[in-house]
$ cat data.txt   # compact mmCIF, C-alpha atoms
# COMPACT_ATOMS: atom_id res chain seq x y z
CA MET A 1 35.25 -57.45 -106.00
CA ARG A 2 32.14 -59.18 -104.72
CA THR A 3 32.12 -57.01 -101.61
CA ARG A 4 32.29 -53.88 -103.71
CA ARG A 5 29.48 -55.14 -105.95
CA ASP A 6 27.34 -55.93 -102.92
CA ARG A 7 28.03 -52.47 -101.50
CA LEU A 8 27.04 -50.80 -104.77
CA LEU A 9 23.85 -52.88 -104.90
CA SER A 10 23.04 -52.02 -101.29
CA ASN A 11 23.58 -48.30 -101.95
CA ARG A 12 21.39 -48.48 -105.05
CA LEU A 13 18.59 -50.20 -103.13
CA THR A 14 18.89 -47.68 -100.31
CA ARG A 15 18.63 -44.75 -102.71
CA ARG A 16 15.64 -46.36 -104.41
CA PHE A 17 13.93 -46.95 -101.06
CA LEU A 18 14.57 -43.36 -99.98
CA SER A 19 13.23 -42.05 -103.30
CA ILE A 20 10.05 -44.08 -102.89
CA ALA A 21 9.68 -42.90 -99.28
CA VAL A 22 10.03 -39.26 -100.35
CA VAL A 23 7.41 -39.70 -103.08
CA VAL A 24 5.00 -41.37 -100.65
CA LEU A 25 5.45 -38.56 -98.12
CA VAL A 26 5.22 -35.71 -100.65
CA LEU A 27 2.39 -37.08 -102.83
CA PRO A 28 -0.43 -36.34 -100.33
CA TYR A 29 0.59 -32.67 -100.20
CA LEU A 30 0.51 -32.47 -103.99
CA LEU A 31 -2.91 -34.11 -103.97
CA ILE A 32 -4.13 -31.55 -101.44
CA LEU A 33 -3.45 -28.91 -104.10
CA VAL A 34 -5.16 -30.99 -106.79
CA TYR A 35 -8.22 -31.62 -104.61
CA ALA A 36 -8.64 -27.88 -104.08
CA ILE A 37 -9.92 -27.77 -107.67
CA PRO A 38 -13.74 -27.86 -107.35
CA PHE A 39 -14.41 -30.43 -110.07
CA THR A 40 -12.06 -33.08 -108.64
CA ARG A 41 -13.77 -35.95 -106.82
CA PRO A 42 -11.31 -37.57 -104.42
CA VAL A 43 -11.56 -41.19 -103.32
CA SER A 44 -10.46 -42.57 -99.96
CA THR A 45 -7.93 -45.29 -99.22
CA LEU A 46 -10.82 -47.51 -98.08
CA MET A 47 -12.56 -47.03 -101.41
CA LEU A 48 -9.35 -47.95 -103.21
CA SER A 49 -9.02 -51.07 -101.07
CA GLU A 50 -12.55 -52.08 -102.06
CA LEU A 51 -11.46 -51.94 -105.71
CA ILE A 52 -8.23 -53.84 -105.06
CA LEU A 53 -10.21 -56.61 -103.33
CA PHE A 54 -12.74 -56.67 -106.21
CA ARG A 55 -15.62 -55.79 -103.89
CA GLY A 56 -16.66 -52.49 -105.43
CA TYR A 57 -18.51 -49.74 -103.60
CA ASP A 58 -21.40 -47.30 -103.90
CA ARG A 59 -20.43 -43.61 -103.90
CA ARG A 60 -22.39 -40.87 -105.69
CA TRP A 61 -20.60 -37.54 -105.48
CA VAL A 62 -22.84 -34.55 -104.81
CA SER A 63 -21.97 -30.91 -104.17
CA LEU A 64 -22.37 -29.49 -100.69
CA ASP A 65 -25.37 -27.53 -101.96
CA ASP A 66 -27.08 -30.87 -102.66
CA ILE A 67 -26.56 -32.17 -99.12
CA SER A 68 -29.12 -31.26 -96.49
CA PRO A 69 -27.91 -28.62 -94.01
CA ASN A 70 -29.37 -30.98 -91.38
CA LEU A 71 -26.52 -33.40 -92.10
CA VAL A 72 -23.86 -30.71 -92.17
CA ARG A 73 -24.99 -29.36 -88.80
CA SER A 74 -25.35 -32.81 -87.24
CA VAL A 75 -21.95 -34.03 -88.39
CA MET A 76 -20.27 -30.84 -87.21
CA MET A 77 -21.92 -30.96 -83.78
CA SER A 78 -21.20 -34.66 -83.41
CA GLU A 79 -17.67 -34.81 -84.79
CA ASP A 80 -16.06 -31.38 -84.49
CA GLY A 81 -17.92 -28.54 -82.80
CA GLN A 82 -14.97 -26.17 -83.26
CA PHE A 83 -14.65 -26.89 -86.99
CA CYS A 84 -15.10 -23.25 -88.03
CA PHE A 85 -12.60 -21.93 -85.49
CA HIS A 86 -9.47 -24.10 -85.60
CA GLY A 87 -6.81 -24.45 -88.29
CA GLY A 88 -7.16 -28.17 -88.88
CA VAL A 89 -6.21 -29.34 -85.38
CA ASP A 90 -8.03 -28.54 -82.15
CA TRP A 91 -4.95 -28.04 -80.00
CA ALA A 92 -6.92 -27.64 -76.76
CA GLN A 93 -8.55 -31.04 -77.26
CA MET A 94 -5.23 -32.54 -78.35
CA ARG A 95 -3.49 -31.23 -75.25
CA GLY A 96 -6.18 -32.85 -73.08
CA VAL A 97 -5.65 -36.21 -74.80
CA VAL A 98 -1.88 -36.02 -74.28
CA GLU A 99 -2.33 -35.12 -70.61
CA ASP A 100 -4.74 -38.03 -70.10
CA ALA A 101 -2.29 -40.41 -71.79
CA LEU A 102 0.59 -39.20 -69.62
CA ASP A 103 -1.59 -39.67 -66.52
CA GLY A 104 -2.39 -43.21 -67.59
CA GLU A 105 -6.07 -42.43 -68.12
CA ALA A 106 -8.26 -43.60 -70.98
CA THR A 107 -7.98 -41.12 -73.85
CA ARG A 108 -10.91 -39.58 -75.67
CA GLY A 109 -10.99 -38.82 -79.36
CA ALA A 110 -9.59 -35.48 -80.53
CA SER A 111 -9.80 -35.92 -84.29
CA THR A 112 -11.19 -32.94 -86.15
CA ILE A 113 -13.04 -33.15 -89.45
CA PRO A 114 -9.90 -32.03 -91.37
CA MET A 115 -7.91 -34.74 -89.57
CA GLN A 116 -10.49 -37.38 -90.43
CA THR A 117 -10.65 -36.14 -94.02
CA VAL A 118 -6.91 -36.44 -94.66
CA LYS A 119 -6.80 -39.74 -92.80
CA ASN A 120 -9.52 -41.13 -95.04
CA LEU A 121 -7.87 -39.75 -98.17
CA PHE A 122 -4.23 -40.59 -97.58
CA LEU A 123 -3.68 -42.83 -94.54
CA TRP A 124 -5.07 -45.93 -92.88
CA ASN A 125 -7.43 -46.87 -90.06
CA GLY A 126 -6.19 -47.89 -86.64
CA ARG A 127 -4.48 -46.00 -83.88
CA SER A 128 -0.73 -45.44 -83.97
CA PHE A 129 1.66 -42.61 -83.22
CA ILE A 130 3.10 -42.94 -86.73
CA ARG A 131 -0.26 -42.38 -88.37
CA LYS A 132 -1.09 -39.51 -86.03
CA GLY A 133 2.30 -37.92 -86.73
CA LEU A 134 1.56 -38.01 -90.46
CA GLU A 135 -2.04 -36.91 -89.98
CA LEU A 136 -1.43 -33.68 -88.06
CA PRO A 137 0.63 -31.78 -90.69
CA LEU A 138 -1.65 -33.05 -93.47
CA ALA A 139 -4.69 -31.71 -91.59
CA ILE A 140 -3.02 -28.33 -91.12
CA GLY A 141 -2.04 -28.27 -94.80
CA GLY A 142 -5.52 -29.31 -95.93
CA ASP A 143 -7.19 -26.68 -93.76
CA PHE A 144 -4.81 -24.03 -95.12
CA VAL A 145 -5.39 -24.88 -98.80
CA TRP A 146 -9.05 -25.92 -98.78
CA SER A 147 -11.94 -23.73 -97.74
CA LYS A 148 -14.09 -24.99 -94.88
CA ARG A 149 -16.88 -25.67 -97.38
CA ARG A 150 -14.53 -27.76 -99.53
CA ILE A 151 -13.34 -29.75 -96.51
CA MET A 152 -16.90 -30.51 -95.51
CA GLU A 153 -17.85 -31.38 -99.09
CA ILE A 154 -14.94 -33.83 -99.44
CA TYR A 155 -15.54 -35.36 -96.02
CA LEU A 156 -19.25 -35.95 -96.59
CA ASN A 157 -18.50 -37.55 -99.96
CA ILE A 158 -15.87 -40.02 -98.74
CA ALA A 159 -17.12 -40.93 -95.23
CA GLU A 160 -18.04 -44.59 -94.78
CA TRP A 161 -21.65 -45.32 -93.77
CA GLY A 162 -21.79 -49.08 -94.11
CA PRO A 163 -20.11 -51.93 -95.98
CA GLY A 164 -19.30 -50.51 -99.40
CA ILE A 165 -21.42 -47.38 -98.74
CA TYR A 166 -19.49 -44.13 -99.07
CA GLY A 167 -20.65 -40.54 -99.09
CA ALA A 168 -23.83 -38.79 -98.02
CA GLU A 169 -25.85 -39.50 -101.17
CA ALA A 170 -25.25 -43.25 -101.18
CA ALA A 171 -25.82 -43.36 -97.40
CA ALA A 172 -29.12 -41.44 -97.57
CA GLN A 173 -30.39 -43.66 -100.38
CA TYR A 174 -29.22 -46.89 -98.70
CA HIS A 175 -30.44 -46.20 -95.17
CA PHE A 176 -33.50 -43.99 -95.73
CA LYS A 177 -34.41 -44.23 -99.44
CA VAL A 178 -34.16 -40.44 -99.86
CA PRO A 179 -31.58 -38.18 -101.55
CA ALA A 180 -29.03 -36.48 -99.32
CA ALA A 181 -30.74 -33.14 -99.98
CA LYS A 182 -33.95 -34.40 -98.33
CA LEU A 183 -32.57 -35.85 -95.10
CA SER A 184 -34.65 -34.92 -92.06
CA ALA A 185 -33.12 -33.67 -88.83
CA ARG A 186 -33.45 -37.11 -87.16
CA GLN A 187 -32.13 -39.02 -90.19
CA ALA A 188 -29.14 -36.67 -90.35
CA ALA A 189 -28.47 -37.11 -86.63
CA LEU A 190 -28.57 -40.90 -87.00
CA LEU A 191 -26.05 -40.75 -89.85
CA ALA A 192 -23.82 -38.47 -87.76
CA VAL A 193 -23.75 -40.76 -84.71
CA ALA A 194 -23.06 -43.76 -86.96
CA LEU A 195 -19.79 -42.28 -88.24
CA PRO A 196 -17.45 -43.51 -85.48
CA ASN A 197 -18.34 -47.12 -86.33
CA PRO A 198 -20.69 -47.40 -89.33
CA ILE A 199 -20.43 -51.18 -89.45
CA THR A 200 -21.94 -51.79 -86.01
CA ARG A 201 -23.95 -48.55 -85.85
CA VAL A 202 -26.51 -48.91 -88.63
CA ALA A 203 -28.23 -45.58 -89.21
CA GLY A 204 -31.27 -47.14 -90.87
CA LYS A 205 -31.78 -49.65 -88.03
CA PRO A 206 -30.89 -47.78 -84.83
CA GLY A 207 -31.17 -49.31 -81.40
CA ARG A 208 -32.22 -47.40 -78.30
CA GLY A 209 -28.68 -46.27 -77.59
CA MET A 210 -28.29 -44.82 -81.07
CA GLN A 211 -31.66 -43.12 -80.82
CA ARG A 212 -30.62 -41.46 -77.55
CA LEU A 213 -27.35 -40.24 -79.06
CA ALA A 214 -29.17 -39.00 -82.16
CA ALA A 215 -31.60 -37.02 -79.99
CA VAL A 216 -28.65 -35.26 -78.30
CA VAL A 217 -27.00 -34.48 -81.65
CA GLU A 218 -30.30 -33.26 -83.06
CA ARG A 219 -30.72 -30.80 -80.16
CA ARG A 220 -27.18 -29.53 -80.59
CA ALA A 221 -27.68 -29.15 -84.34
CA ARG A 222 -30.75 -26.99 -83.78
CA SER A 223 -28.64 -24.62 -81.67
CA SER A 224 -25.60 -24.59 -83.96
CA ALA A 225 -26.11 -21.22 -85.69
CA ASP A 226 -22.96 -19.61 -84.27
CA TYR A 227 -20.87 -22.70 -85.03
CA ILE A 228 -21.60 -23.14 -88.75
CA LYS A 229 -21.04 -19.63 -90.11
CA CYS A 230 -17.99 -20.77 -92.09
CA ILE A 231 -20.32 -23.02 -94.11
CA TYR A 232 -23.50 -21.00 -94.43
CA GLY A 233 -22.42 -17.52 -93.46
$ encode --input "data.txt" --output "structure tokens"
Amino acid sequence: MRTRRDRLLSNRLTRRFLSIAVVVLVLPYLLILVYAIPFTRPVSTLMLSELILFRGYDRRWVSLDDISPNLVRSVMMSEDGQFCFHGGVDWAQMRGVVEDALDGEATRGASTIPMQTVKNLFLWNGRSFIRKGLELPLAIGGDFVWSKRRIMEIYLNIAEWGPGIYGAEAAAQYHFKVPAAKLSARQAALLAVALPNPITRVAGKPGRGMQRLAAVVERRARSSADYIKCIYG
């Protein structure tokens, strides 16, 4: 009798666990549909963690039209030069990373802006094959449902630019005391090169290395006309 009761309890717990797992896996795809609605203002998992830990954060949502094109161009040229041309995943870059890994070489980053956007919205930081396996289909789904403008708008409003600083508006005000719409080409380039590690790379207090990287990004941004047509036509 006890064995049967234990078996029933085990089956019930298993079904409950599987139900929760299905909800967790399906929920991000439902939220992708919700976030396609222009007036929704998504928050990232990092922003939620700030609330859970009672730290709070500064994020001031602004539309893409209220973000300087300097920042859009700089972020695109720094993070994902093929943003307008791929479907969420840059398979050529991804193939190169896999080949390097198989050859035992150090791998370079191949994350696109859609991949970083869904990672920030639904997943966690840190490298793992599990996270990457979840990230790829979410990026493809996000790129399919959202317009390129919407992807860029969400990304620039949830990206981390310092401890508790999220989004372009809060970052521009915090680092340069200007609204996001007024960012200069150099300020935008500094924010773009800070994105890979905004805790150690402080856009408002750049060292020589950051300045050199920003100069490269600034030059690329000036020549980005053919690469940003999906944003500005």
$ atom_distance --input "data.txt" --atom1 "CA of Val75 (chain A)" --atom2 "CA of Gly162 (chain A)"
16.1 Å
$ closest_residue --input "data.txt" --among "A:Ala110, A:Ala36, A:Ala181, A:Ala189" --to "Phe144 (chain A)" --atoms "only C-alpha atoms"
A:Ala36
$ closest_residue --input "data.txt" --among "A:Phe83, A:Tyr29, A:Trp61, A:Tyr35" --to "Ile158 (chain A)" --atoms "all atoms listed in the file"
A:Trp61
$ atom_distance --input "data.txt" --atom1 "CA of Met94 (chain A)" --atom2 "CA of Ser111 (chain A)"
8.2 Å
$ residues_around --input "data.txt" --residues "Asn157 (chain A)" --least-positions-apart "4" --cutoff "8 Å" --atoms "all atoms listed in the file" --output "ChimeraX atom specification"
/A:59-62,153,166-169
$ closest_residue --input "data.txt" --among "A:Ala185, A:Leu13, A:Ala170, A:Ile165" --to "Arg55 (chain A)" --atoms "all atoms listed in the file"
A:Ile165
$ atom_distance --input "data.txt" --atom1 "CA of Leu48 (chain A)" --atom2 "CA of Ala139 (chain A)"
20.5 Å
$ residues_around --input "data.txt" --residues "Lys229 (chain A)" --least-positions-apart "2" --cutoff "12 Å" --atoms "only C-alpha atoms" --output "PDB file with C-alpha atoms, in the frame of the given file"
ATOM      1  CA  PRO A  69     -27.910 -28.620 -94.010  1.00  0.00           C
ATOM      2  CA  VAL A  72     -23.860 -30.710 -92.170  1.00  0.00           C
ATOM      3  CA  ARG A  73     -24.990 -29.360 -88.800  1.00  0.00           C
ATOM      4  CA  MET A  76     -20.270 -30.840 -87.210  1.00  0.00           C
ATOM      5  CA  GLY A  81     -17.920 -28.540 -82.800  1.00  0.00           C
ATOM      6  CA  GLN A  82     -14.970 -26.170 -83.260  1.00  0.00           C
ATOM      7  CA  PHE A  83     -14.650 -26.890 -86.990  1.00  0.00           C
ATOM      8  CA  CYS A  84     -15.100 -23.250 -88.030  1.00  0.00           C
ATOM      9  CA  PHE A  85     -12.600 -21.930 -85.490  1.00  0.00           C
ATOM     10  CA  LYS A 148     -14.090 -24.990 -94.880  1.00  0.00           C
ATOM     11  CA  ARG A 149     -16.880 -25.670 -97.380  1.00  0.00           C
ATOM     12  CA  SER A 224     -25.600 -24.590 -83.960  1.00  0.00           C
ATOM     13  CA  ALA A 225     -26.110 -21.220 -85.690  1.00  0.00           C
ATOM     14  CA  ASP A 226     -22.960 -19.610 -84.270  1.00  0.00           C
ATOM     15  CA  TYR A 227     -20.870 -22.700 -85.030  1.00  0.00           C
ATOM     16  CA  ILE A 231     -20.320 -23.020 -94.110  1.00  0.00           C
ATOM     17  CA  TYR A 232     -23.500 -21.000 -94.430  1.00  0.00           C
ATOM     18  CA  GLY A 233     -22.420 -17.520 -93.460  1.00  0.00           C
TER      19      GLY A 233
END
$ closest_residue --input "data.txt" --among "A:Gly87, A:Trp146, A:Trp124, A:Arg131" --to "Val34 (chain A)" --atoms "only C-alpha atoms"
A:Trp146
